[in-house]
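Just data08.txt here, compact mmCIF, C-alpha atoms and all ligand atoms:
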```
# COMPACT_ATOMS: atom_id res chain seq x y z
CA MET A 27 2.34 18.34 12.07
CA ASN A 28 5.94 17.37 12.68
CA TYR A 29 7.44 13.96 12.19
CA TYR A 30 10.43 12.43 13.93
CA ASN A 31 12.84 9.85 12.62
CA ILE A 32 12.24 6.61 14.52
CA LYS A 33 15.96 5.85 14.38
CA ASP A 34 17.07 9.30 15.52
CA LYS A 35 14.41 11.20 17.44
CA GLU A 36 16.41 14.42 17.24
CA GLU A 37 15.69 14.58 13.52
CA ILE A 38 12.36 16.37 13.29
CA VAL A 39 10.83 17.50 10.01
CA ASP A 40 7.55 18.93 8.74
CA PHE A 41 5.14 17.14 6.40
CA LYS A 42 6.66 18.78 3.36
CA THR A 43 10.19 17.64 4.15
CA ALA A 44 9.02 14.15 5.08
CA THR A 45 7.20 13.89 1.75
CA ILE A 46 10.10 15.14 -0.34
CA LYS A 47 12.82 13.19 1.47
CA GLY A 48 10.89 9.96 1.96
CA GLN A 49 13.06 8.77 4.81
CA GLY A 50 15.40 10.16 7.42
CA LYS A 51 19.01 9.54 8.43
CA GLU A 52 20.15 5.92 8.54
CA LYS A 53 17.07 5.08 6.49
CA GLY A 54 14.87 5.74 9.54
CA LEU A 55 11.12 6.07 9.01
CA PHE A 56 9.32 9.29 9.84
CA TYR A 57 6.54 9.08 12.42
CA PRO A 58 3.99 11.71 13.53
CA GLU A 59 4.83 13.53 16.76
CA SER A 60 1.27 13.20 18.01
CA ILE A 61 -1.76 11.06 17.21
CA PRO A 62 -4.71 13.37 16.47
CA GLN A 63 -8.01 11.98 17.76
CA PHE A 64 -11.21 11.60 15.75
CA GLY A 65 -14.18 13.37 17.29
CA LYS A 66 -16.78 11.06 18.90
CA ASP A 67 -19.53 12.63 16.84
CA PHE A 68 -17.60 12.05 13.67
CA ILE A 69 -16.74 8.43 14.33
CA GLU A 70 -20.24 7.46 15.52
CA ASN A 71 -22.00 9.08 12.59
CA LEU A 72 -19.73 8.37 9.66
CA SER A 73 -22.64 7.74 7.33
CA GLU A 74 -23.65 11.39 7.66
CA PHE A 75 -20.38 12.44 6.03
CA SER A 76 -19.53 12.13 2.36
CA ASN A 77 -16.49 10.04 1.41
CA GLU A 78 -14.73 13.26 0.44
CA GLU A 79 -15.41 14.88 3.81
CA ILE A 80 -14.21 11.77 5.61
CA ALA A 81 -11.00 11.70 3.58
CA TYR A 82 -10.32 15.38 4.19
CA LEU A 83 -11.02 15.19 7.92
CA CYS A 84 -8.80 12.12 8.14
CA MET A 85 -5.82 13.82 6.51
CA LYS A 86 -5.95 17.47 7.50
CA ASP A 87 -4.17 17.19 10.86
CA PHE A 88 -1.25 15.37 9.30
CA VAL A 89 -0.71 18.10 6.73
CA GLY A 90 -1.52 21.09 8.92
CA ASP A 91 -1.20 24.43 7.19
CA GLU A 92 1.52 23.23 4.84
CA ILE A 93 -1.05 22.84 2.07
CA PRO A 94 -3.97 25.33 2.01
CA SER A 95 -7.25 23.59 2.86
CA ASP A 96 -8.92 24.21 -0.51
CA ILE A 97 -5.98 22.60 -2.29
CA LEU A 98 -5.79 19.72 0.18
CA LYS A 99 -9.50 19.12 -0.40
CA GLU A 100 -8.89 18.93 -4.14
CA ILE A 101 -6.04 16.50 -3.58
CA VAL A 102 -8.01 14.12 -1.36
CA PHE A 103 -11.06 14.28 -3.63
CA GLU A 104 -8.93 13.20 -6.58
CA THR A 105 -7.25 10.56 -4.45
CA ILE A 106 -10.48 8.68 -3.75
CA ASN A 107 -12.63 9.44 -6.76
CA PHE A 108 -13.65 5.82 -7.25
CA ASP A 109 -15.89 3.31 -5.46
CA ILE A 110 -14.71 1.56 -2.32
CA PRO A 111 -17.64 -0.78 -1.63
CA LEU A 112 -18.01 -3.17 1.29
CA LYS A 113 -19.51 -6.40 -0.10
CA LYS A 114 -20.92 -9.30 1.82
CA ILE A 115 -19.20 -12.65 1.22
CA ASN A 116 -21.14 -14.65 3.81
CA ASP A 117 -22.87 -14.11 7.18
CA ASN A 118 -19.62 -13.43 8.98
CA ILE A 119 -17.26 -12.00 6.39
CA TYR A 120 -17.33 -8.86 4.28
CA SER A 121 -14.87 -7.67 1.66
CA LEU A 122 -13.79 -4.06 1.30
CA GLU A 123 -12.98 -3.78 -2.39
CA LEU A 124 -10.01 -1.49 -2.83
CA PHE A 125 -9.42 -2.32 -6.47
CA HIS A 126 -11.71 0.04 -8.34
CA GLY A 127 -9.01 2.67 -8.89
CA PRO A 128 -7.20 3.32 -12.18
CA THR A 129 -4.69 0.46 -11.91
CA LEU A 130 -7.06 -1.88 -10.06
CA ALA A 131 -4.82 -1.99 -6.98
CA PHE A 132 -5.21 -0.40 -3.58
CA LYS A 133 -1.85 1.30 -3.96
CA ASP A 134 -3.56 3.81 -6.25
CA VAL A 135 -4.77 5.78 -3.23
CA GLY A 136 -1.35 6.30 -1.67
CA ALA A 137 0.37 6.94 -4.99
CA ARG A 138 -2.18 9.52 -6.05
CA PHE A 139 -2.06 11.37 -2.75
CA MET A 140 1.71 11.42 -2.65
CA SER A 141 2.16 12.55 -6.26
CA ARG A 142 -0.18 15.47 -5.80
CA CYS A 143 1.37 16.61 -2.53
CA LEU A 144 4.87 16.33 -3.96
CA SER A 145 3.89 18.26 -7.04
CA TYR A 146 2.35 21.02 -4.91
CA PHE A 147 5.49 21.35 -2.80
CA LEU A 148 7.78 21.45 -5.84
CA LYS A 149 5.77 23.99 -7.77
CA ASN A 150 7.00 26.99 -5.85
CA GLU A 151 10.57 25.79 -5.64
CA ASN A 152 11.44 25.42 -9.27
CA LYS A 153 12.82 22.03 -8.40
CA LYS A 154 12.64 18.86 -10.42
CA VAL A 155 12.49 15.52 -8.71
CA THR A 156 13.16 12.05 -10.06
CA VAL A 157 11.12 9.33 -8.42
CA LEU A 158 13.03 6.07 -8.64
CA VAL A 159 11.26 2.80 -7.83
CA ALA A 160 11.81 -0.91 -8.19
CA THR A 161 8.68 -2.98 -8.57
CA SER A 162 7.75 -6.64 -8.49
CA GLY A 163 4.51 -5.72 -10.21
CA ASP A 164 1.81 -3.77 -8.44
CA THR A 165 3.62 -0.77 -6.99
CA GLY A 166 5.04 0.26 -10.37
CA GLY A 167 1.66 0.50 -12.06
CA ALA A 168 0.11 2.53 -9.28
CA VAL A 169 3.11 4.86 -9.13
CA ALA A 170 3.25 5.27 -12.93
CA ASN A 171 -0.43 6.10 -13.05
CA GLY A 172 -0.43 8.28 -9.95
CA PHE A 173 2.48 10.41 -11.18
CA TYR A 174 1.56 10.44 -14.87
CA LYS A 175 1.91 13.94 -16.32
CA THR A 176 2.65 15.45 -12.89
CA GLU A 177 4.68 18.62 -13.34
CA ASN A 178 8.28 18.73 -12.11
CA ILE A 179 8.41 14.99 -11.52
CA ASN A 180 10.10 12.34 -13.63
CA VAL A 181 9.48 8.73 -12.76
CA VAL A 182 11.90 5.90 -13.47
CA ILE A 183 10.60 2.40 -12.77
CA LEU A 184 12.77 -0.70 -12.74
CA TYR A 185 11.07 -4.04 -13.22
CA PRO A 186 12.36 -7.58 -13.74
CA LYS A 187 12.03 -8.76 -17.35
CA ASN A 188 9.53 -11.60 -17.82
CA ARG A 189 8.58 -11.66 -14.16
CA VAL A 190 5.57 -9.33 -14.06
CA SER A 191 2.17 -10.19 -15.55
CA LYS A 192 1.17 -8.86 -18.98
CA VAL A 193 -1.31 -6.43 -17.50
CA GLN A 194 1.21 -5.17 -14.97
CA GLU A 195 3.83 -4.68 -17.67
CA LYS A 196 1.48 -2.61 -19.82
CA GLN A 197 0.60 -0.45 -16.83
CA LEU A 198 4.29 0.36 -16.43
CA THR A 199 5.34 0.75 -20.01
CA ALA A 200 2.45 2.14 -22.03
CA LEU A 201 2.12 5.59 -20.53
CA GLY A 202 5.28 7.37 -21.68
CA GLU A 203 5.57 11.15 -21.09
CA ASN A 204 7.29 11.61 -17.70
CA ILE A 205 7.29 7.86 -16.96
CA SER A 206 10.27 5.73 -18.05
CA ALA A 207 10.30 1.97 -17.64
CA LEU A 208 13.58 0.10 -17.39
CA GLU A 209 13.28 -3.60 -18.07
CA VAL A 210 16.02 -5.23 -16.07
CA ASN A 211 17.42 -8.52 -17.24
CA GLY A 212 17.38 -9.99 -13.74
CA SER A 213 15.25 -10.48 -10.64
CA PHE A 214 13.26 -8.10 -8.45
CA ASP A 215 16.11 -8.20 -5.93
CA ASP A 216 18.48 -6.99 -8.67
CA CYS A 217 16.13 -4.09 -9.36
CA GLN A 218 15.99 -3.18 -5.70
CA GLN A 219 19.75 -3.42 -5.39
CA LEU A 220 20.21 -1.01 -8.31
CA VAL A 221 17.79 1.47 -6.79
CA LYS A 222 19.56 1.30 -3.43
CA GLN A 223 22.91 1.92 -5.07
CA ALA A 224 21.55 4.92 -6.95
CA PHE A 225 20.39 6.50 -3.69
CA LEU A 226 23.93 6.19 -2.35
CA ASP A 227 25.73 7.44 -5.47
CA GLU A 228 27.25 10.89 -5.02
CA LYS A 229 27.33 11.93 -8.64
CA ILE A 230 23.72 10.95 -9.29
CA ASN A 231 22.57 12.75 -6.14
CA SER A 232 24.52 15.89 -6.97
CA GLU A 233 22.87 16.15 -10.39
CA LEU A 234 19.39 14.81 -9.72
CA PHE A 235 17.07 15.15 -6.78
CA LEU A 236 16.12 11.54 -6.17
CA THR A 237 13.21 10.38 -4.06
CA SER A 238 11.42 7.08 -3.63
CA ALA A 239 7.71 6.38 -3.77
CA ASN A 240 7.50 3.27 -1.68
CA SER A 241 5.17 2.80 1.24
CA ILE A 242 7.57 4.18 3.82
CA ASN A 243 6.86 7.70 2.54
CA VAL A 244 4.38 9.29 4.95
CA ALA A 245 2.38 10.70 2.03
CA ARG A 246 1.82 7.17 0.77
CA TRP A 247 1.32 5.60 4.15
CA LEU A 248 -1.10 7.98 5.89
CA PRO A 249 -3.93 8.25 3.32
CA GLN A 250 -4.47 4.49 3.67
CA GLN A 251 -6.30 5.27 6.91
CA ILE A 252 -9.18 6.44 4.73
CA TYR A 253 -10.01 2.84 3.72
CA TYR A 254 -10.77 1.93 7.30
CA LEU A 255 -13.05 4.90 7.83
CA LEU A 256 -14.94 4.11 4.63
CA ALA A 257 -15.21 0.48 5.72
CA LEU A 258 -16.66 1.52 9.07
CA LYS A 259 -19.05 3.95 7.43
CA GLN A 260 -20.60 1.01 5.56
CA TRP A 261 -20.20 -1.49 8.42
CA GLN A 262 -22.15 0.68 10.86
CA LYS A 263 -25.24 0.35 8.68
CA LEU A 264 -25.02 -3.44 8.57
CA GLU A 265 -23.67 -4.70 11.87
CA ASN A 266 -23.80 -3.73 15.55
CA LYS A 267 -20.59 -5.21 16.87
CA LYS A 268 -17.15 -3.86 16.10
CA PRO A 269 -15.43 -5.63 13.21
CA ILE A 270 -12.40 -7.87 13.16
CA ILE A 271 -10.27 -6.29 10.43
CA CYS A 272 -8.07 -8.58 8.39
CA VAL A 273 -5.41 -7.10 6.11
CA PRO A 274 -3.26 -8.96 3.57
CA SER A 275 0.17 -7.76 4.58
CA GLY A 276 3.62 -7.57 3.03
CA ASN A 277 5.43 -4.41 4.00
CA PHE A 278 2.79 -3.73 6.70
CA GLY A 279 2.07 -0.16 5.56
CA ASN A 280 -1.61 -0.77 5.00
CA ILE A 281 -2.37 -2.55 8.27
CA CYS A 282 -0.25 -0.01 10.13
CA ALA A 283 -2.47 2.77 8.75
CA GLY A 284 -5.51 0.85 10.03
CA ILE A 285 -3.99 0.50 13.48
CA LEU A 286 -3.13 4.21 13.48
CA ALA A 287 -6.80 4.93 12.72
CA TYR A 288 -7.71 2.67 15.65
CA PHE A 289 -5.45 4.66 17.97
CA ARG A 290 -7.25 7.78 16.76
CA GLY A 291 -10.60 6.32 17.85
CA LEU A 292 -11.80 4.07 15.04
CA PRO A 293 -13.84 1.20 16.50
CA ALA A 294 -12.16 -2.11 15.69
CA GLU A 295 -12.34 -5.24 17.81
CA HIS A 296 -9.12 -6.79 16.57
CA PHE A 297 -6.65 -6.73 13.69
CA ILE A 298 -5.33 -9.67 11.74
CA ALA A 299 -2.19 -9.53 9.65
CA ALA A 300 -2.66 -12.10 6.91
CA CYS A 301 0.70 -13.17 5.50
CA ASN A 302 1.74 -15.71 2.91
CA GLU A 303 4.70 -17.99 3.49
CA ASN A 304 6.80 -14.97 4.33
CA ASP A 305 6.03 -15.34 8.01
CA VAL A 306 8.37 -12.98 9.88
CA ILE A 307 5.52 -11.33 11.79
CA PRO A 308 3.50 -14.47 12.59
CA ASN A 309 6.77 -15.83 14.04
CA TYR A 310 7.39 -12.61 15.93
CA LEU A 311 3.99 -12.78 17.61
CA GLN A 312 4.75 -16.30 18.76
CA THR A 313 8.31 -15.85 19.91
CA GLY A 314 8.76 -12.13 20.55
CA LYS A 315 11.80 -12.19 18.25
CA LEU A 316 11.84 -10.11 15.09
CA GLU A 317 13.99 -11.99 12.61
CA PRO A 318 14.05 -10.89 8.98
CA GLN A 319 14.18 -13.68 6.41
CA LYS A 320 15.04 -14.16 2.78
CA THR A 321 11.92 -13.63 0.67
CA ILE A 322 10.01 -16.62 -0.62
CA ALA A 323 8.19 -16.32 -3.96
CA THR A 324 4.46 -17.03 -3.60
CA LEU A 325 1.19 -16.59 -5.52
CA SER A 326 0.43 -13.39 -3.59
CA ASN A 327 3.64 -11.81 -4.83
CA ALA A 328 2.94 -8.25 -3.67
CA MET A 329 3.36 -9.60 -0.14
CA ASP A 330 6.65 -11.38 -0.73
CA VAL A 331 8.55 -9.36 1.81
CA GLY A 332 11.12 -10.84 4.18
CA ASN A 333 11.73 -7.72 6.23
CA PRO A 334 8.54 -5.66 6.55
CA SER A 335 9.73 -2.08 6.79
CA ASN A 336 6.59 -0.54 8.28
CA PHE A 337 6.45 -2.86 11.25
CA VAL A 338 8.59 -0.48 13.32
CA ARG A 339 5.76 2.03 13.06
CA ILE A 340 3.39 -0.53 14.59
CA LEU A 341 5.87 -1.09 17.43
CA GLU A 342 6.01 2.67 17.92
CA LEU A 343 2.18 2.88 18.08
CA PHE A 344 2.13 0.28 20.85
CA GLY A 345 5.03 1.94 22.67
CA HIS A 346 7.00 -1.29 22.15
CA GLN A 347 4.70 -3.11 24.60
CA PHE A 348 4.67 -6.66 23.26
CA GLU A 349 1.75 -7.94 25.34
CA GLU A 350 -0.52 -5.07 24.35
CA LEU A 351 0.38 -5.52 20.73
CA LYS A 352 -0.35 -9.24 20.93
CA ASN A 353 -3.77 -8.59 22.46
CA LYS A 354 -4.78 -6.40 19.55
CA ILE A 355 -3.12 -8.10 16.57
CA SER A 356 -3.01 -11.70 15.41
CA ALA A 357 -1.02 -12.93 12.46
CA TYR A 358 -1.38 -15.99 10.27
CA SER A 359 0.78 -17.48 7.55
CA ILE A 360 -1.20 -19.01 4.69
CA ASN A 361 0.52 -21.17 2.07
CA ASN A 362 -0.12 -21.33 -1.68
CA GLU A 363 -2.22 -24.47 -1.48
CA LYS A 364 -4.52 -22.95 1.11
CA THR A 365 -4.70 -19.75 -0.94
CA LEU A 366 -5.92 -21.60 -4.04
CA GLN A 367 -8.32 -23.69 -1.99
CA THR A 368 -9.83 -20.53 -0.49
CA ILE A 369 -10.34 -18.94 -3.92
CA LYS A 370 -12.15 -22.11 -5.01
CA GLU A 371 -14.30 -22.53 -1.90
CA VAL A 372 -15.38 -18.92 -1.73
CA TYR A 373 -16.20 -18.89 -5.43
CA GLU A 374 -18.18 -22.12 -5.28
CA ASN A 375 -19.97 -21.50 -1.99
CA TYR A 376 -20.60 -17.76 -2.13
CA ASP A 377 -20.13 -16.81 -5.77
CA TYR A 378 -17.45 -14.29 -4.84
CA LEU A 379 -14.18 -14.17 -6.74
CA LEU A 380 -11.06 -13.48 -4.68
CA GLU A 381 -7.52 -12.99 -5.98
CA PRO A 382 -4.53 -14.46 -4.10
CA HIS A 383 -3.94 -11.54 -1.68
CA GLY A 384 -7.59 -11.35 -0.69
CA ALA A 385 -7.69 -15.15 -0.43
CA VAL A 386 -4.81 -15.12 2.05
CA ALA A 387 -6.82 -12.63 4.10
CA CYS A 388 -10.05 -14.60 3.86
CA SER A 389 -8.33 -17.80 4.92
CA ALA A 390 -6.71 -16.07 7.91
CA LEU A 391 -9.99 -14.49 8.98
CA ASN A 392 -11.78 -17.84 8.69
CA GLN A 393 -9.20 -19.39 10.95
CA TYR A 394 -9.53 -16.59 13.51
CA LEU A 395 -13.34 -16.79 13.50
CA LYS A 396 -13.14 -20.53 14.09
CA GLU A 397 -10.94 -19.95 17.12
CA ASN A 398 -13.06 -16.96 18.28
CA PRO A 399 -16.72 -17.66 17.47
CA ASN A 400 -19.60 -15.16 17.49
CA ARG A 401 -17.66 -12.41 15.83
CA LYS A 402 -17.75 -10.90 12.39
CA GLY A 403 -15.09 -9.34 10.30
CA LEU A 404 -13.98 -7.84 7.04
CA ILE A 405 -11.07 -8.38 4.75
CA LEU A 406 -9.38 -5.79 2.59
CA GLU A 407 -9.38 -7.07 -0.99
CA THR A 408 -6.34 -5.26 -2.37
CA ALA A 409 -6.32 -6.13 -6.08
CA HIS A 410 -8.68 -7.08 -8.89
CA PRO A 411 -8.67 -10.81 -9.75
CA ILE A 412 -7.79 -9.96 -13.35
CA LYS A 413 -4.34 -8.85 -12.24
CA PHE A 414 -3.55 -12.38 -11.12
CA PRO A 415 -5.18 -14.46 -13.88
CA ASP A 416 -2.86 -17.47 -13.60
CA ALA A 417 -3.57 -18.12 -9.94
CA VAL A 418 -7.29 -17.55 -10.36
CA GLU A 419 -7.43 -19.88 -13.33
CA LYS A 420 -5.45 -22.49 -11.46
CA ALA A 421 -7.96 -22.35 -8.59
CA ILE A 422 -11.26 -22.36 -10.44
CA ASN A 423 -10.48 -23.12 -14.03
CA ILE A 424 -12.23 -20.18 -15.60
CA LYS A 425 -10.79 -17.35 -17.61
CA ASN A 426 -11.66 -13.93 -16.36
CA LYS A 427 -12.66 -11.21 -18.79
CA LEU A 428 -10.64 -8.02 -18.96
CA PRO A 429 -12.51 -4.94 -17.75
CA GLU A 430 -12.98 -2.25 -20.39
CA SER A 431 -10.39 0.13 -18.97
CA LEU A 432 -7.76 -2.59 -19.26
CA SER A 433 -8.57 -3.77 -22.75
CA GLU A 434 -7.87 -0.21 -23.94
CA LEU A 435 -4.56 -0.28 -22.12
CA MET A 436 -3.62 -3.65 -23.58
CA LYS A 437 -3.86 -2.21 -27.08
CA LYS A 438 -1.25 0.44 -26.32
CA GLU A 439 2.36 0.02 -27.28
CA LYS A 440 4.93 -1.12 -24.72
CA LYS A 441 7.82 1.31 -24.39
CA SER A 442 10.71 0.17 -22.25
CA ILE A 443 14.47 0.27 -22.20
CA GLU A 444 16.22 -2.98 -21.49
CA ILE A 445 19.25 -2.88 -19.21
CA ARG A 446 21.49 -5.48 -17.63
CA PRO A 447 21.49 -5.63 -13.82
CA ASP A 448 24.54 -3.41 -13.92
CA PHE A 449 24.69 -0.20 -11.93
CA GLU A 450 26.79 1.65 -14.53
CA GLU A 451 24.00 1.17 -17.07
CA LEU A 452 21.42 2.63 -14.73
CA LYS A 453 23.72 5.49 -13.84
CA ARG A 454 24.34 6.37 -17.49
CA PHE A 455 20.60 6.36 -18.13
CA LEU A 456 19.83 8.62 -15.17
CA LEU A 457 22.60 11.13 -15.91
CA ASN A 458 21.80 11.39 -19.60
CA LYS A 459 18.16 11.84 -18.89
CA ASN A 460 18.68 14.95 -16.84
C1 LIG A 501 1.31 -4.01 -1.74
C2 LIG A 501 0.22 -5.00 -1.68
C3 LIG A 501 -0.13 -5.65 -0.48
C4 LIG A 501 0.63 -5.47 0.81
O1 LIG A 501 0.48 -4.20 1.36
P1 LIG A 501 1.53 -3.70 2.48
O2 LIG A 501 1.11 -2.33 2.80
O3 LIG A 501 2.88 -3.77 1.81
O4 LIG A 501 1.44 -4.64 3.63
C5 LIG A 501 -1.22 -6.52 -0.50
N1 LIG A 501 -1.90 -6.76 -1.63
C6 LIG A 501 -1.59 -6.18 -2.80
C7 LIG A 501 -2.37 -6.51 -4.01
C8 LIG A 501 -0.52 -5.27 -2.88
O5 LIG A 501 -0.22 -4.71 -4.04
```
Do you think you could lay out the structure here as structure tokens?
Ligand SMILES: *Cc1c(COP(=O)(O)O)cnc(C)c1O
Amino acid sequence: MNYYNIKDKEEIVDFKTATIKGQGKEKGLFYPESIPQFGKDFIENLSEFSNEEIAYLCMKDFVGDEIPSDILKEIVFETINFDIPLKKINDNIYSLELFHGPTLAFKDVGARFMSRCLSYFLKNENKKVTVLVATSGDTGGAVANGFYKTENINVVILYPKNRVSKVQEKQLTALGENISALEVNGSFDDCQQLVKQAFLDEKINSELFLTSANSINVARWLPQQIYYLLALKQWQKLENKKPIICVPSGNFGNICAGILAYFRGLPAEHFIAACNENDVIPNYLQTGKLEPQKTIATLSNAMDVGNPSNFVRILELFGHQFEELKNKISAYSINNEKTLQTIKEVYENYDYLLEPHGAVACSALNQYLKENPNRKGLILETAHPIKFPDAVEKAINIKNKLPESLSELMKKEKKSIEIRPDFEELKRFLLNKN
């Protein structure tokens, strides 16, 4: 499969190049040249396929012969080797739990797939790559874990001191080996700024091969389609009508993967982008104007994005036809108060514990179902409630117990290097490391 740069359609690369480079000229996103269709037999009888078969069949066309099929099978099997159950919340709403992976966040799937593909491509080239990422919390842990002990890859993660939760910090700092954590005395924006500067620095780029692991990388974006197939596999056994699919959205990578799966033939009645107070896309759907904003800090902090970078891929899928897009996607903006209220109501009425991102989704889906009765839907629950203990406690006043895997992690030592939000400090670190 080839991919073109959305900003410059003359720039065409294969899957390998797209994975290694991350993005094209002028920071353009890569996009598949064609949309491979799911077979009718496959999509109507998902329950006859194992999760591993579904994942492999979902991904193979996007990789083509660039990774031999036995190796690609191994990669996808490792990518999804945990439960992804669809649980009933009430008569009309189900929750697809994407948080049973190693760092209890849905980003595990993309990070694991990307790290393994990258490692395969680098093996024969005798090349070493440095993955540089800034994180506000969740991405860093999934990337650290996904790339841990991967040959030929060093990972450097920048995170804002005192602004990530205790669990998140341990996930970044306790692994060691090829993972370095830089604790930046500043904000998430400072971290992102430093990373951006590093990608532009000539000396760093002449000595290191830098790449990013954020959701614009096709190898992180595309495997997210698998969630939607696994949701449908379970849905088909429970319900007759097509589902409304509601996705808590920040950078819009996840929902975009779902919509891609829909264009390939996945049955879905409608998509809902559930946003917090960062409401660029809800505004866009009302006005037709796409206006990036400054980010607002909210309880669902992994969705605090003021300029969702994957949205251009959604526009591309709809051929930039605004009306068609509006018929298939709705978007809601849910504030903190409503988020907490939803956690409380769902816990008290249905004995189901949401965390803030899932609560934003549940609230948005509720609103849609009120406006469009006689339908049923599912939300994607993207993180484990334990990762957001403060918000959960604020909503329902109970302390949540740490799962076993995390209590082990919490005993490990934190290893990080503190730096000021000063590019020269980052540069020195990167150059000395090599
Ligand atoms: C990253 C993240 C999201 C948002 O996903 P996008 O693909 O950026 O829209 C939602 N929930 C959680 C917990 C996340 O970590």
Expected selection as a CSV table (one decimal) with C-alpha atoms, in the coordinates of the input for ligand LIG 501 (chain A) within 10 Å, all atoms listed in the file:
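For reference, pocket.csv as written:
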```csv
chain,number,residue,atom,x,y,z
A,124,LEU,CA,-10.0,-1.5,-2.8
A,125,PHE,CA,-9.4,-2.3,-6.5
A,130,LEU,CA,-7.1,-1.9,-10.1
A,131,ALA,CA,-4.8,-2.0,-7.0
A,132,PHE,CA,-5.2,-0.4,-3.6
A,133,LYS,CA,-1.8,1.3,-4.0
A,134,ASP,CA,-3.6,3.8,-6.2
A,162,SER,CA,7.8,-6.6,-8.5
A,163,GLY,CA,4.5,-5.7,-10.2
A,164,ASP,CA,1.8,-3.8,-8.4
A,165,THR,CA,3.6,-0.8,-7.0
A,166,GLY,CA,5.0,0.3,-10.4
A,167,GLY,CA,1.7,0.5,-12.1
A,168,ALA,CA,0.1,2.5,-9.3
A,240,ASN,CA,7.5,3.3,-1.7
A,241,SER,CA,5.2,2.8,1.2
A,242,ILE,CA,7.6,4.2,3.8
A,246,ARG,CA,1.8,7.2,0.8
A,247,TRP,CA,1.3,5.6,4.2
A,250,GLN,CA,-4.5,4.5,3.7
A,273,VAL,CA,-5.4,-7.1,6.1
A,274,PRO,CA,-3.3,-9.0,3.6
A,275,SER,CA,0.2,-7.8,4.6
A,276,GLY,CA,3.6,-7.6,3.0
A,277,ASN,CA,5.4,-4.4,4.0
A,278,PHE,CA,2.8,-3.7,6.7
A,279,GLY,CA,2.1,-0.2,5.6
A,280,ASN,CA,-1.6,-0.8,5.0
A,281,ILE,CA,-2.4,-2.6,8.3
A,282,CYS,CA,-0.2,0.0,10.1
A,283,ALA,CA,-2.5,2.8,8.8
A,299,ALA,CA,-2.2,-9.5,9.6
A,300,ALA,CA,-2.7,-12.1,6.9
A,301,CYS,CA,0.7,-13.2,5.5
A,326,SER,CA,0.4,-13.4,-3.6
A,327,ASN,CA,3.6,-11.8,-4.8
A,328,ALA,CA,2.9,-8.2,-3.7
A,329,MET,CA,3.4,-9.6,-0.1
A,330,ASP,CA,6.6,-11.4,-0.7
A,331,VAL,CA,8.6,-9.4,1.8
A,334,PRO,CA,8.5,-5.7,6.6
A,335,SER,CA,9.7,-2.1,6.8
A,336,ASN,CA,6.6,-0.5,8.3
A,337,PHE,CA,6.4,-2.9,11.2
A,381,GLU,CA,-7.5,-13.0,-6.0
A,382,PRO,CA,-4.5,-14.5,-4.1
A,383,HIS,CA,-3.9,-11.5,-1.7
A,384,GLY,CA,-7.6,-11.4,-0.7
A,386,VAL,CA,-4.8,-15.1,2.0
A,387,ALA,CA,-6.8,-12.6,4.1
A,406,LEU,CA,-9.4,-5.8,2.6
A,407,GLU,CA,-9.4,-7.1,-1.0
A,408,THR,CA,-6.3,-5.3,-2.4
A,409,ALA,CA,-6.3,-6.1,-6.1
A,410,HIS,CA,-8.7,-7.1,-8.9
A,411,PRO,CA,-8.7,-10.8,-9.8
A,413,LYS,CA,-4.3,-8.8,-12.2
A,414,PHE,CA,-3.6,-12.4,-11.1
```
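Proximity ranking of A:Leu198, A:Leu236, A:Met85, A:Leu112 relative to A:Leu98 places A:Met85 first, based on all atoms listed in the file.
Across the structure, atom CA of A:Ala160 and atom CA of A:Leu184 are spaced 4.7 Å apart.
Between atom CA of A:Glu342 and atom CA of A:Gly284 the interatomic distance comes to 14.1 Å.
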### Task
Around the point (-9.3, 10.7, -5.4) in the file's coordinates, collect all residues with an atom within 10 Å, using all atoms listed in the file, and return them as a list of chain:residue names.
A:Asn77, A:Glu78, A:Ala81, A:Lys99, A:Glu100, A:Ile101, A:Val102, A:Phe103, A:Glu104, A:Thr105, A:Ile106, A:Asn107, A:Phe108, A:Asp109, A:Gly127, A:Asp134, A:Val135, A:Gly136, A:Arg138, A:Phe139
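Atom CA of A:Ile183 is found 5.0 Å from atom CA of A:Val159.
Shortest atom-to-atom contact with A:Thr321 among A:Glu295, A:Phe214, A:Ala170, A:Lys153: A:Phe214, counting all atoms listed in the file.
Proximity to A:Thr199 was assessed for A:Asp216, A:Glu92, A:Ala287, A:Val169 counting all atoms listed in the file; the smallest distance is recorded for A:Val169.
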